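The structure under discussion appears below in the form of structure tokens.
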Amino acid sequence: MHNTVIKLLDEVKQLWMATDSLKAFTDWPDDLIASNSAPNPAPAAEKIMAWRPPENSETSPLVHTVQQAAFHVNWQFIYTEEEVGRHFLDNYAYFELIGPTGHFQSDQCCAFIGYWGPGLFYPAHHHASEELYFVLAGHALFESDGDGPATLGPAAHRFHASHQPHAMTTTDSAILTLVLWRGPDLTGLSQLVSADN
Ligand code: ZN
């Protein structure tokens, strides 16, 4: 494992331990096992490295570490070009730092880092696990069924209940987020809400 990925775990832990919204959502996992996940490239990685968002005292240490680790993590894409379009796939990526299939394996929770470039619409989707979005840099409009829309920036958070549909729109800025999942199904994938339901 590249040393920047180990540093990433340390920075996420420091932020988690210092942040009430993260601690209240779920405890730091005590079953972590380092895996040998290989780096997987993403077109978005170079955009993340070149981005210079405003500094934030709470989140910038982790943002800088994500930038340093951007070529060494196992980027994932769960949606197809048919579902979200080529432009979306070239400007979005996420990786599982902690979780059943993460760089650090855990059966207690997941911690993902997700990036969306400016001017993207992430259509409504849902999943079994409960979720907490925590903004690390940039901002976006968050919309979810049953809750009012909100534009959130660094250190703000947003909770999504199990199978509560939620969508996100970026405007003039990219957004970098830490996304936590807690039970019931940590291996369940996000499902887009199809137009006919
Ligand atoms: Zn979600």
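Within each chain, counting starts at residue 1; across the structure tokens, chains are named A, B, ... in the order shown, with ligands numbered 1 upward in that order.
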
With 7 Å as the cut-off and only C-alpha atoms and all ligand atoms counted, what is the closest atom pair between each nearby residue of chain A and ligand 1? Distances in Å to one decimal, ordered by chain and number, as a tab-separated table.
residue	atom	partner	partner_atom_place_in_ligand_line	distance
A:His125	CA	ligand 1	1 (Zn)	6.7
A:His126	CA	ligand 1	1 (Zn)	5.8
A:His127	CA	ligand 1	1 (Zn)	6.5
A:Glu131	CA	ligand 1	1 (Zn)	6.1
A:His160	CA	ligand 1	1 (Zn)	6.8
A:His166	CA	ligand 1	1 (Zn)	6.6
A:Ser190	CA	ligand 1	1 (Zn)	6.7

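Neighbours of Leu8 in chain A closer than or equal to 12 Å, with only C-alpha atoms counted and sequence neighbours fewer than 5 positions away skipped, come out as A:Met1, A:His2, A:Asn3, A:Lys13, A:Gln14, A:Leu15, A:Pro61, A:Leu62, A:Val63, A:His64, A:Thr65, A:Val66, A:Gln67, A:Gln68, A:Ala69, A:Ala70, A:His72, A:Val73, A:Phe95, A:Glu96, A:Leu97, A:Ile98, A:His103, A:Phe104, A:Ala111, A:Phe112, A:Ile113, A:Leu178.
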
Please dump the current selection as a PDB file, in the first residue's frame; keep N, CA and C atoms.
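Output file again33.pdb is given in full below:
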ATOM      1  N   MET A   1       0.848  -1.206   0.000  1.00  0.00           N
ATOM      2  CA  MET A   1       0.000   0.000   0.000  1.00  0.00           C
ATOM      3  C   MET A   1       0.877   1.248   0.000  1.00  0.00           C
ATOM      4  N   HIS A   2       0.516   2.216  -0.845  1.00  0.00           N
ATOM      5  CA  HIS A   2       1.303   3.447  -0.937  1.00  0.00           C
ATOM      6  C   HIS A   2       1.188   4.249   0.363  1.00  0.00           C
ATOM      7  N   ASN A   3       2.281   4.900   0.752  1.00  0.00           N
ATOM      8  CA  ASN A   3       2.259   5.600   2.051  1.00  0.00           C
ATOM      9  C   ASN A   3       1.257   6.754   2.094  1.00  0.00           C
ATOM     10  N   LYS A  13      -9.199   9.649  10.166  1.00  0.00           N
ATOM     11  CA  LYS A  13      -9.422   9.355  11.599  1.00  0.00           C
ATOM     12  C   LYS A  13      -9.344  10.635  12.435  1.00  0.00           C
ATOM     13  N   GLN A  14      -8.365  11.479  12.136  1.00  0.00           N
ATOM     14  CA  GLN A  14      -8.237  12.731  12.906  1.00  0.00           C
ATOM     15  C   GLN A  14      -9.467  13.616  12.725  1.00  0.00           C
ATOM     16  N   LEU A  15      -9.949  13.729  11.488  1.00  0.00           N
ATOM     17  CA  LEU A  15     -11.136  14.546  11.227  1.00  0.00           C
ATOM     18  C   LEU A  15     -12.355  13.946  11.926  1.00  0.00           C
ATOM     19  N   PRO A  61      -6.456  19.721   5.642  1.00  0.00           N
ATOM     20  CA  PRO A  61      -5.428  18.668   5.761  1.00  0.00           C
ATOM     21  C   PRO A  61      -5.834  17.387   5.027  1.00  0.00           C
ATOM     22  N   LEU A  62      -7.096  17.005   5.128  1.00  0.00           N
ATOM     23  CA  LEU A  62      -7.552  15.804   4.422  1.00  0.00           C
ATOM     24  C   LEU A  62      -7.627  16.050   2.907  1.00  0.00           C
ATOM     25  N   VAL A  63      -8.081  17.241   2.513  1.00  0.00           N
ATOM     26  CA  VAL A  63      -8.150  17.558   1.075  1.00  0.00           C
ATOM     27  C   VAL A  63      -6.765  17.422   0.439  1.00  0.00           C
ATOM     28  N   HIS A  64      -5.753  17.984   1.083  1.00  0.00           N
ATOM     29  CA  HIS A  64      -4.394  17.914   0.531  1.00  0.00           C
ATOM     30  C   HIS A  64      -3.915  16.469   0.438  1.00  0.00           C
ATOM     31  N   THR A  65      -4.280  15.668   1.418  1.00  0.00           N
ATOM     32  CA  THR A  65      -3.846  14.263   1.403  1.00  0.00           C
ATOM     33  C   THR A  65      -4.563  13.483   0.304  1.00  0.00           C
ATOM     34  N   VAL A  66      -5.847  13.783   0.075  1.00  0.00           N
ATOM     35  CA  VAL A  66      -6.548  13.151  -1.059  1.00  0.00           C
ATOM     36  C   VAL A  66      -5.837  13.505  -2.358  1.00  0.00           C
ATOM     37  N   GLN A  67      -5.410  14.764  -2.489  1.00  0.00           N
ATOM     38  CA  GLN A  67      -4.708  15.167  -3.715  1.00  0.00           C
ATOM     39  C   GLN A  67      -3.390  14.400  -3.873  1.00  0.00           C
ATOM     40  N   GLN A  68      -2.680  14.211  -2.755  1.00  0.00           N
ATOM     41  CA  GLN A  68      -1.402  13.480  -2.818  1.00  0.00           C
ATOM     42  C   GLN A  68      -1.612  12.002  -3.160  1.00  0.00           C
ATOM     43  N   ALA A  69      -2.762  11.458  -2.746  1.00  0.00           N
ATOM     44  CA  ALA A  69      -3.028  10.026  -2.932  1.00  0.00           C
ATOM     45  C   ALA A  69      -3.788   9.730  -4.227  1.00  0.00           C
ATOM     46  N   ALA A  70      -4.097  10.762  -5.010  1.00  0.00           N
ATOM     47  CA  ALA A  70      -5.068  10.606  -6.108  1.00  0.00           C
ATOM     48  C   ALA A  70      -4.645   9.601  -7.174  1.00  0.00           C
ATOM     49  N   HIS A  72      -2.979   6.845  -6.410  1.00  0.00           N
ATOM     50  CA  HIS A  72      -2.636   5.599  -5.705  1.00  0.00           C
ATOM     51  C   HIS A  72      -3.846   4.887  -5.134  1.00  0.00           C
ATOM     52  N   VAL A  73      -5.044   5.394  -5.405  1.00  0.00           N
ATOM     53  CA  VAL A  73      -6.245   4.770  -4.831  1.00  0.00           C
ATOM     54  C   VAL A  73      -7.035   4.026  -5.907  1.00  0.00           C
ATOM     55  N   PHE A  95     -13.724   6.419  -4.254  1.00  0.00           N
ATOM     56  CA  PHE A  95     -13.063   5.186  -3.822  1.00  0.00           C
ATOM     57  C   PHE A  95     -13.474   4.852  -2.396  1.00  0.00           C
ATOM     58  N   GLU A  96     -13.379   3.558  -2.097  1.00  0.00           N
ATOM     59  CA  GLU A  96     -13.756   3.050  -0.776  1.00  0.00           C
ATOM     60  C   GLU A  96     -12.487   2.947   0.063  1.00  0.00           C
ATOM     61  N   LEU A  97     -12.322   3.900   0.983  1.00  0.00           N
ATOM     62  CA  LEU A  97     -11.146   3.854   1.867  1.00  0.00           C
ATOM     63  C   LEU A  97     -11.343   2.779   2.925  1.00  0.00           C
ATOM     64  N   ILE A  98     -12.558   2.768   3.527  1.00  0.00           N
ATOM     65  CA  ILE A  98     -12.902   1.807   4.580  1.00  0.00           C
ATOM     66  C   ILE A  98     -14.184   1.107   4.169  1.00  0.00           C
ATOM     67  N   HIS A 103      -9.747  -0.095   0.851  1.00  0.00           N
ATOM     68  CA  HIS A 103      -8.304  -0.192   1.099  1.00  0.00           C
ATOM     69  C   HIS A 103      -8.054  -0.712   2.512  1.00  0.00           C
ATOM     70  N   PHE A 104      -8.944  -0.357   3.423  1.00  0.00           N
ATOM     71  CA  PHE A 104      -8.903  -0.881   4.791  1.00  0.00           C
ATOM     72  C   PHE A 104     -10.235  -1.568   5.034  1.00  0.00           C
ATOM     73  N   ALA A 111     -16.318   4.163   4.565  1.00  0.00           N
ATOM     74  CA  ALA A 111     -15.929   5.563   4.360  1.00  0.00           C
ATOM     75  C   ALA A 111     -15.423   5.686   2.931  1.00  0.00           C
ATOM     76  N   PHE A 112     -16.145   6.477   2.138  1.00  0.00           N
ATOM     77  CA  PHE A 112     -15.778   6.723   0.746  1.00  0.00           C
ATOM     78  C   PHE A 112     -15.301   8.164   0.622  1.00  0.00           C
ATOM     79  N   ILE A 113     -14.436   8.413  -0.358  1.00  0.00           N
ATOM     80  CA  ILE A 113     -14.124   9.772  -0.776  1.00  0.00           C
ATOM     81  C   ILE A 113     -14.694   9.915  -2.183  1.00  0.00           C
ATOM     82  N   LEU A 178     -16.492  13.403   1.993  1.00  0.00           N
ATOM     83  CA  LEU A 178     -16.303  12.160   2.746  1.00  0.00           C
ATOM     84  C   LEU A 178     -17.710  11.613   2.968  1.00  0.00           C
TER      85      LEU A 178
END

Selection: 12 Å around Phe88 in chain A, only C-alpha atoms, excl. self and same-chain fewer than 6 positions, as a CSV table (one decimal) with N, CA, C and O atoms, in the first residue's frame:
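Resulting contents of part.csv:
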chain,number,residue,atom,x,y,z
A,42,ALA,N,-8.5,7.2,-12.7
A,42,ALA,CA,-9.8,7.9,-13.0
A,42,ALA,C,-9.4,9.2,-13.8
A,42,ALA,O,-8.5,9.8,-13.4
A,43,PRO,N,-10.2,9.5,-14.8
A,43,PRO,CA,-10.0,10.8,-15.5
A,43,PRO,C,-10.1,12.0,-14.5
A,43,PRO,O,-9.4,13.0,-14.6
A,44,ALA,N,-10.9,11.8,-13.4
A,44,ALA,CA,-11.1,12.9,-12.4
A,44,ALA,C,-9.8,13.1,-11.6
A,44,ALA,O,-9.7,14.2,-11.0
A,77,PHE,N,-16.4,3.3,-10.4
A,77,PHE,CA,-17.5,4.0,-11.1
A,77,PHE,C,-18.6,3.0,-11.1
A,77,PHE,O,-18.5,1.9,-11.8
A,78,ILE,N,-19.7,3.3,-10.4
A,78,ILE,CA,-20.8,2.3,-10.4
A,78,ILE,C,-21.8,2.5,-11.5
A,78,ILE,O,-22.6,1.6,-11.7
A,79,TYR,N,-21.8,3.6,-12.1
A,79,TYR,CA,-22.8,3.9,-13.2
A,79,TYR,C,-22.2,3.7,-14.6
A,79,TYR,O,-21.0,3.9,-14.8
A,80,THR,N,-23.1,3.4,-15.5
A,80,THR,CA,-22.6,3.3,-16.9
A,80,THR,C,-22.8,4.6,-17.7
A,80,THR,O,-23.5,5.5,-17.3
A,81,GLU,N,-22.1,4.6,-18.8
A,81,GLU,CA,-22.3,5.8,-19.7
A,81,GLU,C,-23.7,6.0,-20.1
A,81,GLU,O,-24.2,7.1,-20.2
A,82,GLU,N,-24.4,4.8,-20.3
A,82,GLU,CA,-25.8,4.9,-20.7
A,82,GLU,C,-26.7,5.6,-19.6
A,82,GLU,O,-27.6,6.3,-19.9
A,115,TYR,N,-15.7,12.6,-5.5
A,115,TYR,CA,-15.5,13.9,-6.2
A,115,TYR,C,-16.4,14.1,-7.4
A,115,TYR,O,-16.6,13.1,-8.1
A,116,TRP,N,-17.0,15.3,-7.5
A,116,TRP,CA,-17.8,15.6,-8.7
A,116,TRP,C,-17.3,17.0,-9.2
A,116,TRP,O,-17.2,17.9,-8.4
A,117,GLY,N,-17.0,17.1,-10.5
A,117,GLY,CA,-16.6,18.3,-11.1
A,117,GLY,C,-17.7,19.3,-11.2
A,117,GLY,O,-18.9,19.0,-10.9
A,118,PRO,N,-17.4,20.6,-11.6
A,118,PRO,CA,-18.5,21.6,-11.7
A,118,PRO,C,-19.5,21.2,-12.8
A,118,PRO,O,-19.2,20.5,-13.8
A,119,GLY,N,-20.7,21.7,-12.6
A,119,GLY,CA,-21.7,21.6,-13.7
A,119,GLY,C,-22.2,20.2,-13.9
A,119,GLY,O,-22.6,19.8,-15.0
A,120,LEU,N,-22.3,19.4,-12.8
A,120,LEU,CA,-22.8,18.0,-13.0
A,120,LEU,C,-24.1,17.8,-12.2
A,120,LEU,O,-24.3,18.4,-11.1
A,121,PHE,N,-25.0,17.0,-12.8
A,121,PHE,CA,-26.2,16.6,-12.1
A,121,PHE,C,-26.1,15.1,-11.8
A,121,PHE,O,-26.0,14.3,-12.7
A,122,TYR,N,-26.1,14.8,-10.5
A,122,TYR,CA,-26.0,13.4,-10.0
A,122,TYR,C,-27.5,13.0,-9.7
A,122,TYR,O,-28.1,13.4,-8.8
A,123,PRO,N,-28.1,12.2,-10.6
A,123,PRO,CA,-29.5,11.9,-10.5
A,123,PRO,C,-29.9,11.2,-9.3
A,123,PRO,O,-29.1,10.6,-8.6
A,169,THR,N,-26.4,18.4,-7.2
A,169,THR,CA,-26.1,19.2,-8.4
A,169,THR,C,-24.9,20.1,-8.1
A,169,THR,O,-25.0,20.9,-7.1
A,170,THR,N,-23.9,20.1,-8.9
A,170,THR,CA,-22.8,21.1,-8.7
A,170,THR,C,-23.0,22.2,-9.7
A,170,THR,O,-23.5,21.9,-10.8

_Just checking: using only C-alpha atoms, which residue out of A:Thr4, A:Ser35, A:Gln191, A:Ser21 ends up closest to Gly99 in chain A?_
A:Ser35

Just the residues within 9 Å of Asp31 in chain A, please, counting only C-alpha atoms, with nothing from its chain fewer than 4 positions along; format it as an mmCIF file with all heavy atoms, in the first residue's frame.
data_model
loop_
_atom_site.group_PDB
_atom_site.id
_atom_site.type_symbol
_atom_site.label_atom_id
_atom_site.label_comp_id
_atom_site.auth_asym_id
_atom_site.auth_seq_id
_atom_site.Cartn_x
_atom_site.Cartn_y
_atom_site.Cartn_z
ATOM 1 N N GLN A 105 -10.200 -2.885 5.152
ATOM 2 C CA GLN A 105 -11.442 -3.637 5.215
ATOM 3 C C GLN A 105 -12.068 -3.550 6.603
ATOM 4 O O GLN A 105 -11.376 -3.617 7.623
ATOM 5 C CB GLN A 105 -11.180 -5.087 4.817
ATOM 6 C CG GLN A 105 -10.830 -5.169 3.324
ATOM 7 C CD GLN A 105 -10.537 -6.575 2.841
ATOM 8 O OE1 GLN A 105 -10.481 -7.510 3.630
ATOM 9 N NE2 GLN A 105 -10.340 -6.706 1.550
ATOM 10 N N SER A 106 -13.395 -3.364 6.604
ATOM 11 C CA SER A 106 -14.192 -3.330 7.830
ATOM 12 C C SER A 106 -15.581 -3.845 7.508
ATOM 13 O O SER A 106 -16.091 -3.612 6.404
ATOM 14 C CB SER A 106 -14.306 -1.896 8.368
ATOM 15 O OG SER A 106 -15.225 -1.856 9.449
ATOM 16 N N ASP A 107 -16.186 -4.533 8.462
ATOM 17 C CA ASP A 107 -17.593 -4.926 8.327
ATOM 18 C C ASP A 107 -18.497 -4.030 9.168
ATOM 19 O O ASP A 107 -19.689 -4.299 9.299
ATOM 20 C CB ASP A 107 -17.773 -6.386 8.770
ATOM 21 C CG ASP A 107 -17.077 -7.346 7.813
ATOM 22 O OD1 ASP A 107 -17.107 -7.094 6.597
ATOM 23 O OD2 ASP A 107 -16.490 -8.328 8.293
ATOM 24 N N GLN A 108 -17.942 -2.949 9.734
ATOM 25 C CA GLN A 108 -18.708 -2.098 10.655
ATOM 26 C C GLN A 108 -19.275 -0.856 9.984
ATOM 27 O O GLN A 108 -20.309 -0.328 10.396
ATOM 28 C CB GLN A 108 -17.803 -1.688 11.827
ATOM 29 C CG GLN A 108 -17.336 -2.896 12.639
ATOM 30 C CD GLN A 108 -16.338 -2.522 13.720
ATOM 31 O OE1 GLN A 108 -15.920 -1.364 13.831
ATOM 32 N NE2 GLN A 108 -15.952 -3.502 14.513
#

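Between CA of Gly114 in chain A and CA of Ala45 in chain A lies a distance of 10.9 Å.
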
*Name the residues of chain A that come out as strand (DSSP E) in a backbone DSSP run; write them as number ranges by chain.*
A: 33-34, 92-99, 104-105, 110-116, 121-126, 130-138, 140-144, 147-152, 157-160, 166-169, 175-182, 191-192

*Out of A:Arg158, A:Lys7, A:Gly153, A:Ala167, which residue has the shortest atom-to-atom distance to Asn56 in chain A when counting only C-alpha atoms?*
A:Gly153

*Mind checking which residues fall within 12 Å of Gly188 in chain A, counting only C-alpha atoms, ignoring those fewer than 5 positions away in the same chain, and posting them as a ChimeraX atom specification?*
/A:78,99-101,110,126-130,162-163,181-183

Output for the residues just chosen: C-alpha atoms as an mmCIF file, in the first residue's frame:
data_model
loop_
_atom_site.group_PDB
_atom_site.id
_atom_site.type_symbol
_atom_site.label_atom_id
_atom_site.label_comp_id
_atom_site.auth_asym_id
_atom_site.auth_seq_id
_atom_site.Cartn_x
_atom_site.Cartn_y
_atom_site.Cartn_z
ATOM 1 C CA ILE A 78 -20.752 2.286 -10.386
ATOM 2 C CA GLY A 99 -15.471 -0.946 4.076
ATOM 3 C CA PRO A 100 -15.985 -4.566 3.069
ATOM 4 C CA THR A 101 -14.056 -4.008 -0.204
ATOM 5 C CA CYS A 110 -17.850 2.365 5.020
ATOM 6 C CA HIS A 126 -30.930 5.258 -3.150
ATOM 7 C CA HIS A 127 -29.348 2.387 -1.221
ATOM 8 C CA ALA A 128 -30.064 0.293 1.840
ATOM 9 C CA SER A 129 -27.328 1.740 4.065
ATOM 10 C CA GLU A 130 -27.843 4.976 5.968
ATOM 11 C CA SER A 162 -32.147 3.868 4.160
ATOM 12 C CA HIS A 163 -33.578 3.973 0.599
ATOM 13 C CA TRP A 181 -22.303 4.387 5.470
ATOM 14 C CA ARG A 182 -23.638 2.410 8.410
ATOM 15 C CA GLY A 183 -25.795 -0.782 8.221
#
